file input-v5.tsv (TSV, C-alpha atoms and all ligand atoms)
chain	number	residue	atom	x	y	z
A	6	MET	CA	0.00	0.00	0.00
A	7	ILE	CA	1.28	3.49	-0.92
A	8	LEU	CA	0.38	6.30	1.46
A	9	VAL	CA	0.26	9.84	0.06
A	10	THR	CA	0.39	12.33	2.91
A	11	GLY	CA	-0.92	15.73	1.86
A	12	GLY	CA	-2.71	13.73	-0.85
A	13	THR	CA	-5.63	16.17	-0.95
A	14	GLY	CA	-3.32	19.03	-2.03
A	15	LEU	CA	-2.24	20.20	-5.48
A	16	VAL	CA	0.80	17.94	-5.87
A	17	GLY	CA	-0.54	15.10	-3.70
A	18	ALA	CA	-3.77	14.73	-5.67
A	19	ALA	CA	-1.83	14.51	-8.95
A	20	VAL	CA	0.29	11.66	-7.56
A	21	VAL	CA	-2.77	9.90	-6.14
A	22	LYS	CA	-4.61	10.02	-9.49
A	23	GLU	CA	-1.53	8.87	-11.41
A	24	LEU	CA	-0.87	5.96	-9.03
A	25	VAL	CA	-4.52	4.85	-9.15
A	26	SER	CA	-4.47	5.02	-12.96
A	27	ARG	CA	-1.47	2.64	-12.82
A	28	GLY	CA	-3.48	0.15	-10.75
A	29	LYS	CA	-1.67	0.82	-7.46
A	30	GLN	CA	-3.31	0.50	-4.06
A	31	VAL	CA	-3.34	3.99	-2.59
A	32	ALA	CA	-4.19	5.49	0.79
A	33	VAL	CA	-4.46	9.22	1.41
A	34	MET	CA	-3.72	10.83	4.76
A	35	SER	CA	-5.58	14.01	5.60
A	36	ARG	CA	-6.33	15.95	8.75
A	37	SER	CA	-9.97	15.38	7.86
A	38	VAL	CA	-10.90	11.94	6.50
A	39	SER	CA	-14.16	13.13	4.94
A	40	SER	CA	-12.28	15.52	2.66
A	41	VAL	CA	-10.58	12.56	0.93
A	42	ALA	CA	-13.84	11.12	-0.45
A	43	GLU	CA	-14.88	14.64	-1.52
A	44	ARG	CA	-11.55	15.18	-3.27
A	45	PHE	CA	-11.57	11.85	-5.14
A	46	PRO	CA	-15.18	10.95	-5.93
A	47	GLY	CA	-15.49	7.47	-7.39
A	48	LEU	CA	-11.84	6.49	-6.82
A	49	ASP	CA	-11.03	3.39	-4.78
A	50	ILE	CA	-8.75	4.95	-2.16
A	51	ASP	CA	-8.29	4.34	1.57
A	52	ALA	CA	-8.81	7.52	3.61
A	53	LEU	CA	-6.71	7.79	6.76
A	54	GLN	CA	-6.76	10.47	9.42
A	55	GLY	CA	-3.41	12.00	10.36
A	56	ASP	CA	-1.82	15.26	11.37
A	57	VAL	CA	1.95	15.72	11.25
A	58	GLY	CA	1.73	17.54	14.57
A	59	ASP	CA	0.18	14.48	16.24
A	60	ARG	CA	2.58	11.55	16.35
A	61	ALA	CA	-0.07	9.10	17.60
A	62	SER	CA	-2.20	9.80	14.52
A	63	LEU	CA	0.83	9.17	12.28
A	64	ALA	CA	1.46	5.81	13.96
A	65	GLY	CA	-2.09	4.80	13.02
A	66	ALA	CA	-1.89	6.09	9.46
A	67	PHE	CA	1.53	4.56	8.69
A	68	ALA	CA	0.70	1.03	9.91
A	69	ASN	CA	0.98	-1.56	7.07
A	70	ILE	CA	2.31	1.02	4.59
A	71	GLU	CA	5.21	0.12	2.27
A	72	THR	CA	5.82	3.49	0.62
A	73	VAL	CA	5.13	7.01	1.80
A	74	VAL	CA	4.94	9.96	-0.59
A	75	ASN	CA	5.15	13.10	1.55
A	76	CYS	CA	3.33	16.03	-0.10
A	77	VAL	CA	2.48	17.92	3.08
A	78	GLN	CA	2.93	21.65	3.42
A	79	PHE	CA	1.28	24.10	5.79
A	80	PRO	CA	-2.09	25.59	4.81
A	81	ASN	CA	-1.99	28.86	2.88
A	82	SER	CA	1.73	28.50	2.12
A	83	PRO	CA	3.81	30.69	1.75
A	84	ILE	CA	1.87	32.96	4.15
A	85	GLU	CA	3.00	31.73	7.56
A	86	ASN	CA	0.76	31.93	10.61
A	87	LYS	CA	2.91	31.39	13.70
A	88	GLY	CA	-0.11	31.45	16.05
A	89	LYS	CA	-1.50	28.35	14.34
A	90	GLY	CA	1.89	26.69	13.87
A	91	TRP	CA	1.52	27.02	10.10
A	92	THR	CA	5.17	27.62	9.30
A	93	PHE	CA	7.91	26.08	7.17
A	94	GLU	CA	9.73	25.08	10.35
A	95	GLN	CA	6.73	23.47	12.08
A	96	VAL	CA	4.98	21.69	9.23
A	97	ASP	CA	7.44	21.28	6.35
A	98	TYR	CA	10.48	20.49	8.53
A	99	GLN	CA	9.21	19.18	11.88
A	100	GLY	CA	6.28	17.51	10.11
A	101	THR	CA	8.76	15.59	7.95
A	102	VAL	CA	10.82	14.62	11.00
A	103	SER	CA	7.64	13.21	12.59
A	104	GLN	CA	6.74	11.34	9.41
A	105	VAL	CA	10.24	9.85	9.14
A	106	ALA	CA	10.00	8.67	12.77
A	107	ALA	CA	6.57	7.14	12.13
A	108	ALA	CA	7.84	5.52	8.93
A	109	LYS	CA	10.78	3.92	10.75
A	110	GLN	CA	8.51	2.69	13.52
A	111	ALA	CA	6.08	1.20	11.02
A	112	GLY	CA	8.78	-0.47	8.90
A	113	VAL	CA	8.06	1.64	5.79
A	114	SER	CA	10.54	0.60	3.09
A	115	ARG	CA	10.49	3.67	0.79
A	116	PHE	CA	10.01	7.38	1.41
A	117	VAL	CA	9.45	9.89	-1.39
A	118	TYR	CA	9.67	13.53	-0.34
A	119	VAL	CA	8.50	16.56	-2.29
A	120	SER	CA	10.90	19.37	-1.41
A	121	GLY	CA	11.43	22.48	-3.52
A	122	VAL	CA	14.11	23.88	-5.80
A	123	GLY	CA	16.46	26.17	-3.86
A	124	ALA	CA	16.59	23.98	-0.72
A	125	ALA	CA	20.05	24.52	0.80
A	126	ALA	CA	21.70	24.48	4.22
A	127	ASP	CA	23.17	27.96	3.75
A	128	ALA	CA	20.22	29.55	1.91
A	129	GLU	CA	19.46	33.16	2.72
A	130	LYS	CA	15.72	32.51	3.04
A	131	HIS	CA	14.46	30.41	5.92
A	132	TRP	CA	11.98	28.40	3.78
A	133	PHE	CA	14.84	26.97	1.74
A	134	VAL	CA	16.68	26.05	4.97
A	135	SER	CA	13.55	24.34	6.39
A	136	LYS	CA	13.17	22.33	3.19
A	137	TRP	CA	16.86	21.38	3.35
A	138	LYS	CA	16.52	20.24	6.96
A	139	ALA	CA	13.46	18.18	6.01
A	140	GLU	CA	15.47	16.61	3.17
A	141	GLU	CA	18.29	15.85	5.59
A	142	ALA	CA	15.86	14.11	7.97
A	143	VAL	CA	14.81	11.90	5.04
A	144	ARG	CA	18.42	11.32	3.88
A	145	GLN	CA	19.57	10.38	7.40
A	146	SER	CA	16.57	8.09	8.03
A	147	GLY	CA	18.17	4.93	6.69
A	148	ILE	CA	14.99	4.37	4.63
A	149	VAL	CA	15.39	4.07	0.86
A	150	HIS	CA	14.24	7.46	-0.42
A	151	VAL	CA	13.78	9.74	-3.39
A	152	ILE	CA	13.65	13.52	-3.03
A	153	LEU	CA	12.12	15.70	-5.74
A	154	ARG	CA	12.64	19.46	-5.86
A	155	PRO	CA	10.11	20.96	-8.26
A	156	THR	CA	10.25	24.57	-9.38
A	157	TRP	CA	6.88	26.34	-9.68
A	158	VAL	CA	4.04	23.87	-10.18
A	159	TYR	CA	1.06	25.05	-12.24
A	160	GLY	CA	-2.15	23.44	-13.41
A	161	PRO	CA	-5.94	23.82	-13.44
A	162	GLU	CA	-6.11	23.87	-9.61
A	163	ASP	CA	-3.06	25.96	-8.71
A	164	VAL	CA	-3.58	29.10	-6.65
A	165	ALA	CA	-0.68	31.06	-8.13
A	166	LEU	CA	-0.73	31.34	-11.92
A	167	ASN	CA	-4.53	31.05	-11.88
A	168	ARG	CA	-4.65	34.07	-9.58
A	169	PHE	CA	-3.18	36.25	-12.35
A	170	VAL	CA	-5.78	34.94	-14.79
A	171	GLY	CA	-8.46	35.66	-12.15
A	172	PHE	CA	-7.23	39.26	-11.82
A	173	ALA	CA	-7.46	39.65	-15.60
A	174	ARG	CA	-11.11	38.53	-15.52
A	175	ARG	CA	-12.01	41.23	-12.96
A	176	LEU	CA	-9.58	44.10	-13.57
A	177	PRO	CA	-8.33	46.10	-16.57
A	178	PHE	CA	-4.75	45.28	-15.49
A	179	VAL	CA	-2.90	42.47	-13.69
A	180	PRO	CA	-1.17	43.59	-10.48
A	181	THR	CA	2.07	41.94	-9.43
A	182	PHE	CA	4.95	42.55	-7.05
A	183	GLY	CA	8.57	43.02	-8.12
A	184	SER	CA	10.09	43.58	-11.55
A	185	GLY	CA	8.66	40.44	-13.15
A	186	GLN	CA	12.14	39.77	-14.58
A	187	GLN	CA	13.04	36.83	-12.29
A	188	MET	CA	13.61	33.64	-14.29
A	189	MET	CA	11.05	30.87	-13.95
A	190	GLN	CA	10.87	27.31	-15.24
A	191	PRO	CA	7.29	26.31	-14.38
A	192	ILE	CA	6.44	22.61	-14.41
A	193	PHE	CA	3.01	21.20	-15.29
A	194	ILE	CA	1.21	19.36	-12.48
A	195	ASP	CA	0.56	16.26	-14.63
A	196	ASP	CA	4.31	15.95	-15.29
A	197	VAL	CA	5.04	16.21	-11.54
A	198	GLY	CA	2.40	13.55	-10.83
A	199	ARG	CA	4.01	11.17	-13.33
A	200	ILE	CA	7.56	11.74	-12.04
A	201	LEU	CA	6.49	11.12	-8.44
A	202	ALA	CA	4.54	8.00	-9.39
A	203	ASP	CA	7.68	6.77	-11.20
A	204	ALA	CA	9.74	7.53	-8.08
A	205	VAL	CA	7.66	5.02	-6.14
A	206	ASP	CA	9.15	2.14	-8.18
A	207	LYS	CA	12.28	3.41	-9.86
A	208	GLN	CA	15.27	1.68	-8.26
A	209	GLU	CA	17.76	3.81	-10.26
A	210	ALA	CA	16.44	6.83	-8.34
A	211	ASN	CA	17.13	5.35	-4.91
A	212	ASN	CA	18.64	7.70	-2.34
A	213	GLN	CA	18.97	10.58	-4.79
A	214	THR	CA	17.73	14.15	-4.97
A	215	PHE	CA	16.35	15.53	-8.24
A	216	GLU	CA	15.54	19.06	-9.34
A	217	ALA	CA	12.61	19.28	-11.73
A	218	GLY	CA	11.56	22.17	-13.94
A	219	GLY	CA	9.49	22.42	-17.11
A	220	PRO	CA	10.97	22.69	-20.62
A	221	ASP	CA	10.51	26.50	-20.85
A	222	ARG	CA	12.74	28.95	-18.99
A	223	LEU	CA	11.42	32.50	-19.18
A	224	SER	CA	10.78	35.60	-17.10
A	225	MET	CA	7.84	35.72	-14.67
A	226	ASP	CA	6.23	38.44	-16.84
A	227	ASP	CA	6.47	36.21	-19.90
A	228	VAL	CA	4.86	33.29	-18.04
A	229	VAL	CA	1.97	35.56	-17.01
A	230	ARG	CA	1.67	37.03	-20.54
A	231	ILE	CA	1.43	33.58	-22.10
A	232	ALA	CA	-1.23	32.51	-19.57
A	233	LEU	CA	-3.24	35.70	-20.25
A	234	GLU	CA	-2.94	35.18	-23.99
A	235	LEU	CA	-4.23	31.59	-23.74
A	236	ALA	CA	-7.05	32.71	-21.43
A	237	GLY	CA	-8.00	35.29	-24.10
A	238	LYS	CA	-7.35	38.22	-21.74
A	239	LYS	CA	-5.01	40.88	-23.07
A	240	ARG	CA	-4.07	43.02	-20.04
A	241	PRO	CA	-1.07	45.15	-19.04
A	242	ILE	CA	0.93	43.86	-16.08
A	243	LEU	CA	1.17	46.51	-13.38
A	244	HIS	CA	4.32	46.11	-11.29
A	245	GLN	CA	4.32	47.21	-7.68
A	246	PRO	CA	7.79	47.52	-6.11
A	247	ALA	CA	8.39	44.57	-3.74
A	248	ALA	CA	9.30	47.13	-1.03
A	249	ILE	CA	5.77	48.59	-1.20
A	250	GLY	CA	4.30	45.10	-0.92
A	251	LYS	CA	6.45	44.38	2.11
A	252	LEU	CA	5.43	47.64	3.75
A	253	MET	CA	1.74	46.80	3.21
A	254	ALA	CA	2.36	43.27	4.46
A	255	THR	CA	4.09	44.55	7.61
A	256	PHE	CA	0.77	46.12	8.66
A	257	LEU	CA	-1.40	43.27	7.36
A	258	GLN	CA	0.55	40.56	9.17
A	259	VAL	CA	-0.89	41.59	12.54
A	260	LEU	CA	-4.33	40.39	11.35
A	261	PRO	CA	-5.46	36.91	12.53
A	262	GLY	CA	-5.40	35.47	8.98
A	263	PRO	CA	-3.02	37.82	7.13
A	264	PRO	CA	-3.47	37.92	3.33
A	265	LEU	CA	0.24	38.76	2.94
A	266	THR	CA	3.43	38.72	4.99
A	267	PRO	CA	6.73	40.43	4.08
A	268	ASP	CA	8.34	36.98	3.64
A	269	SER	CA	5.61	35.87	1.27
A	270	ILE	CA	6.50	38.81	-1.02
A	271	ASP	CA	10.09	37.54	-1.12
A	272	PHE	CA	8.83	34.02	-1.74
A	273	ILE	CA	6.70	34.96	-4.74
A	274	THR	CA	9.41	37.14	-6.28
A	275	ASN	CA	12.12	34.42	-6.02
A	276	GLU	CA	13.44	32.95	-9.21
A	277	ALA	CA	12.67	29.24	-9.69
A	278	VAL	CA	14.83	27.38	-12.20
A	279	ALA	CA	16.08	23.80	-12.13
A	280	ASP	CA	19.02	21.74	-13.27
A	281	ASN	CA	17.20	18.80	-14.89
A	282	GLU	CA	20.34	16.82	-15.71
A	283	ALA	CA	19.85	14.06	-13.10
A	284	LEU	CA	16.10	13.99	-13.70
A	285	GLU	CA	16.55	13.51	-17.45
A	286	ARG	CA	19.16	10.79	-16.93
A	287	VAL	CA	17.15	8.73	-14.44
A	288	PHE	CA	13.48	9.47	-15.21
A	289	ALA	CA	13.63	10.68	-18.85
A	290	PRO	CA	10.31	12.42	-18.15
A	291	LYS	CA	7.84	13.81	-20.66
A	292	LEU	CA	7.87	17.54	-19.85
A	293	THR	CA	4.98	19.44	-21.37
A	294	PRO	CA	5.73	22.86	-22.93
A	295	LEU	CA	4.02	25.75	-21.12
A	296	ARG	CA	1.69	26.73	-23.98
A	297	GLU	CA	0.64	23.15	-24.63
A	298	ALA	CA	-0.10	22.51	-20.94
A	299	LEU	CA	-2.01	25.78	-20.44
A	300	ALA	CA	-4.09	25.06	-23.56
A	301	THR	CA	-5.43	21.90	-21.87
A	302	TYR	CA	-7.33	23.94	-19.28
A	303	LEU	CA	-7.41	27.66	-20.08
A	304	PRO	CA	-10.31	28.64	-22.35
B	401	LIG	N1	2.81	24.11	-5.46
B	401	LIG	C1	4.02	24.41	-5.91
B	401	LIG	O1	4.21	25.24	-6.80
B	401	LIG	C2	5.21	23.69	-5.33
B	401	LIG	C3	6.47	23.95	-5.88
B	401	LIG	C4	7.59	23.31	-5.36
B	401	LIG	C5	7.45	22.44	-4.31
B	401	LIG	N2	6.22	22.22	-3.77
B	401	LIG	C6	6.14	21.30	-2.62
B	401	LIG	O2	5.18	20.30	-2.91
B	401	LIG	C7	4.59	19.88	-1.67
B	401	LIG	C8	3.08	19.92	-1.82
B	401	LIG	O3	2.70	21.23	-2.15
B	401	LIG	P1	1.21	21.58	-2.64
B	401	LIG	O4	1.31	22.82	-3.44
B	401	LIG	O5	0.59	20.37	-3.20
B	401	LIG	O6	0.53	21.92	-1.24
B	401	LIG	P2	-1.03	22.09	-0.90
B	401	LIG	O7	-1.85	22.08	-2.13
B	401	LIG	O8	-1.12	23.25	0.02
B	401	LIG	O9	-1.35	20.76	-0.09
B	401	LIG	C9	-0.72	20.51	1.13
B	401	LIG	C10	-1.40	19.37	1.83
B	401	LIG	O10	-0.84	19.24	3.14
B	401	LIG	C11	-1.82	18.75	4.01
B	401	LIG	N3	-1.54	19.25	5.36
B	401	LIG	C12	-1.45	20.54	5.78
B	401	LIG	N4	-1.17	20.59	7.10
B	401	LIG	C13	-1.08	19.30	7.52
B	401	LIG	C14	-0.83	18.70	8.77
B	401	LIG	N5	-0.61	19.43	9.90
B	401	LIG	N6	-0.82	17.35	8.84
B	401	LIG	C15	-1.06	16.59	7.75
B	401	LIG	N7	-1.31	17.10	6.53
B	401	LIG	C16	-1.32	18.45	6.42
B	401	LIG	C17	-3.16	19.25	3.52
B	401	LIG	O11	-4.07	18.18	3.62
B	401	LIG	P3	-5.44	18.24	4.49
B	401	LIG	O12	-5.92	19.66	4.44
B	401	LIG	O13	-6.35	17.28	3.77
B	401	LIG	O14	-5.05	17.78	5.84
B	401	LIG	C18	-2.90	19.58	2.03
B	401	LIG	O15	-3.59	18.68	1.19
B	401	LIG	C19	5.14	20.81	-0.58
B	401	LIG	O16	6.22	20.22	0.06
B	401	LIG	C20	5.62	22.00	-1.38
B	401	LIG	O17	6.65	22.70	-0.73
B	401	LIG	C21	5.10	22.81	-4.27
call {"tool": "encode", "arguments": {"input": "input-v5.tsv", "output": "structure tokens", "more": "lines below"}}
Ligand SMILES: NC(=O)c1ccc[n+]([C@@H]2O[C@H](COP(=O)([O-])OP(=O)(O)OC[C@H]3O[C@@H](n4cnc5c(N)ncnc54)[C@H](OP(=O)(O)O)[C@@H]3O)[C@@H](O)[C@H]2O)c1
result
Amino acid sequence: MILVTGGTGLVGAAVVKELVSRGKQVAVMSRSVSSVAERFPGLDIDALQGDVGDRASLAGAFANIETVVNCVQFPNSPIENKGKGWTFEQVDYQGTVSQVAAAKQAGVSRFVYVSGVGAAADAEKHWFVSKWKAEEAVRQSGIVHVILRPTWVYGPEDVALNRFVGFARRLPFVPTFGSGQQMMQPIFIDDVGRILADAVDKQEANNQTFEAGGPDRLSMDDVVRIALELAGKKRPILHQPAAIGKLMATFLQVLPGPPLTPDSIDFITNEAVADNEALERVFAPKLTPLREALATYLP
């Protein structure tokens, strides 16, 4: 049995659907079991309750599992909410440590972890350090593992690129923070789902870390322009300096559920490009060009 933790999320659901389509037996762990049936109507999937902050619940969810695919991240990422414990440190890092401990206890034989491109011990930004520490917990676990570091994942259900298209439907312009010149290499969700499903079986990938980006490398503005073009919405992109965004966010972050934090402005203006060399060598994945992928779901 393969357990996908965070299986109700963007990346997790893609892996779940791909694994089921390959005839695999799949269980999904969620903080709320009922949301699993709602997320996957008609699919034959086991729904298990578990919260990475509750080790007893993980012990229950991980029993009799051979492979774990960890797709958990804190709700509303990258906007941290320290009061609720929704942070990179608490959920992405500590939540992975808890899952590794539960996996060892349960005798799990394979652990696939979805990290992110940019993860590094000496990174300037704390989210990259948390991801690195989570990777290290997996690497030091003694369990056979595969770590995937995607760039920016987009698809019909993403809440990032679709937000720009949403702005274009309501406004005569598309607002964005920063210069829009940072380089991006967005990767289509279906491609990520296939790579992760491959990682469940692929012995050549054992104990390795792979960066994964799409076939197009272009500026953030160009990504947004192509999405707007395919959505049939010609709009100018209105750049707000990141410093203004951070100033606004400094005031907004005192709210109980802040819509922005200064860190989240840095997060969304980061570049996200990958070195696909190891990925190509081991997985030889089909990577869908941006226009072709967007055309499958944008009107
Ligand atoms: N999206 C991207 O562009 C992107 C890019 C690079 C890397 N990644 C990485 O890919 C992974 C998945 O990202 P995503 O975009 O798919 O995230 P997502 O859509 O926000 O889904 C995250 C999942 O985590 C689960 N979760 C949250 N808190 C939890 C907790 N305390 N205990 C157990 N489960 C919890 C949620 O499930 P329930 O609500 O059902 O409990 C949710 O389905 C993350 O590691 C992320 O860093 C994503």
call {"tool": "atom_distance", "arguments": {"input": "input-v5.tsv", "atom1": "atom CA of A:Ala236", "atom2": "atom CA of A:Leu166"}}
result
11.5 Å
call {"tool": "closest_residue", "arguments": {"input": "input-v5.tsv", "among": "A:Ala289, A:Ala125, A:Ile192, A:Val149", "to": "ligand LIG 401 (chain B)", "atoms": "only C-alpha atoms and all ligand atoms"}}
result
A:Ile192
call {"tool": "residues_near_ligand", "arguments": {"input": "input-v5.tsv", "ligand": "ligand LIG 401 (chain B)", "cutoff": "7 Å", "atoms": "only C-alpha atoms and all ligand atoms", "output": "ChimeraX atom specification"}}
result
/A:10-17,34-37,40-41,55-58,76-82,96-97,119-122,154-159,163
call {"tool": "closest_residue", "arguments": {"input": "input-v5.tsv", "among": "A:Pro290, A:Pro264, A:Gly112, A:Gly171", "to": "A:Pro83", "atoms": "only C-alpha atoms"}}
result
A:Pro264
call {"tool": "closest_residue", "arguments": {"input": "input-v5.tsv", "among": "A:Ile84, A:Ala204, A:Ala232, A:Val38", "to": "A:Pro261", "atoms": "all atoms listed in the file"}}
result
A:Ile84
call {"tool": "atom_distance", "arguments": {"input": "input-v5.tsv", "atom1": "atom CA of A:Val20", "atom2": "atom CA of A:Gly262"}}
result
29.5 Å
call {"tool": "residues_around", "arguments": {"input": "input-v5.tsv", "residues": "A:Pro191", "least_positions_apart": "5", "cutoff": "12 Å", "atoms": "all atoms listed in the file", "output": "PyMOL selection string"}}
result
chain A and resi 122+155-160+163+165-166+196-197+217-225+227-229+232+276-279+292-296+298-299
call {"tool": "closest_atom_pairs", "arguments": {"input": "input-v5.tsv", "of": "stretch 173-243 of chain A", "to": "stretch 143-148 of chain A", "cutoff": "10 Å", "atoms": "all atoms listed in the file", "output": "tab-separated table"}}
result
residue	atom	partner	partner_atom	distance
A:Asn211	CA	A:Ile148	CA	9.8
A:Asn212	CA	A:Arg144	CA	7.2
A:Gln213	CA	A:Arg144	CA	8.7
A:Thr214	CA	A:Arg144	CA	9.3
call {"tool": "residues_near_point", "arguments": {"input": "input-v5.tsv", "point": "(-8.1, 31.5, -22.7)", "cutoff": "12 Å", "atoms": "only C-alpha atoms", "output": "list in words"}}
result
Asn167, Val170, Gly171, Ala173, Arg174, Arg230, Ile231, Ala232, Leu233, Glu234, Leu235, Ala236, Gly237, Lys238, Lys239, Arg296, Leu299, Ala300, Thr301, Tyr302, Leu303 and Pro304 of chain A
call {"tool": "closest_residue", "arguments": {"input": "input-v5.tsv", "among": "A:Leu176, A:Leu284, A:Ala202, A:Leu252", "to": "A:Val117", "atoms": "all atoms listed in the file"}}
result
A:Ala202
call {"tool": "atom_distance", "arguments": {"input": "input-v5.tsv", "atom1": "atom CA of A:Phe93", "atom2": "atom CA of A:Val31"}}
result
26.6 Å
call {"tool": "closest_residue", "arguments": {"input": "input-v5.tsv", "among": "A:Asn275, A:Ser184, A:Ser114, A:Ser103", "to": "A:Pro246", "atoms": "all atoms listed in the file"}}
result
A:Ser184
call {"tool": "closest_residue", "arguments": {"input": "input-v5.tsv", "among": "A:Ala107, A:Ile273, A:Val102, A:Val164", "to": "A:Lys136", "atoms": "all atoms listed in the file"}}
result
A:Val102
call {"tool": "residues_around", "arguments": {"input": "input-v5.tsv", "residues": "A:Glu85", "least_positions_apart": "6", "cutoff": "9 Å", "atoms": "only C-alpha atoms", "output": "number ranges by chain"}}
result
A: 79, 91-93, 263, 265-266, 268-269
call {"tool": "residues_around", "arguments": {"input": "input-v5.tsv", "residues": "A:Phe215", "least_positions_apart": "3", "cutoff": "8 Å", "atoms": "only C-alpha atoms", "output": "ChimeraX atom specification"}}
result
/A:151-154,281,283-284
call {"tool": "residues_near_point", "arguments": {"input": "input-v5.tsv", "point": "(9.6, 0.6, -7.0)", "cutoff": "12 Å", "atoms": "only C-alpha atoms", "output": "list in words"}}
result
Met6, Ile7, Leu24, Lys29, Glu71, Thr72, Val73, Ser114, Arg115, Phe116, Val117, Val149, His150, Val151, Leu201, Ala202, Asp203, Ala204, Val205, Asp206, Lys207, Gln208, Glu209, Ala210 and Asn211 of chain A
call {"tool": "write_last_selection", "arguments": {"input": "input-v5.tsv", "atoms": "C-alpha atoms", "output": "compact mmCIF listing (two decimals), in the frame of the given file"}}
result
# COMPACT_ATOMS: atom_id res chain seq x y z
CA MET A 6 0.00 0.00 0.00
CA ILE A 7 1.28 3.49 -0.92
CA LEU A 24 -0.87 5.96 -9.03
CA LYS A 29 -1.67 0.82 -7.46
CA GLU A 71 5.21 0.12 2.27
CA THR A 72 5.82 3.49 0.62
CA VAL A 73 5.13 7.01 1.80
CA SER A 114 10.54 0.60 3.09
CA ARG A 115 10.49 3.67 0.79
CA PHE A 116 10.01 7.38 1.41
CA VAL A 117 9.45 9.89 -1.39
CA VAL A 149 15.39 4.07 0.86
CA HIS A 150 14.24 7.46 -0.42
CA VAL A 151 13.78 9.74 -3.39
CA LEU A 201 6.49 11.12 -8.44
CA ALA A 202 4.54 8.00 -9.39
CA ASP A 203 7.68 6.77 -11.20
CA ALA A 204 9.74 7.53 -8.08
CA VAL A 205 7.66 5.02 -6.14
CA ASP A 206 9.15 2.14 -8.18
CA LYS A 207 12.28 3.41 -9.86
CA GLN A 208 15.27 1.68 -8.26
CA GLU A 209 17.76 3.81 -10.26
CA ALA A 210 16.44 6.83 -8.34
CA ASN A 211 17.13 5.35 -4.91
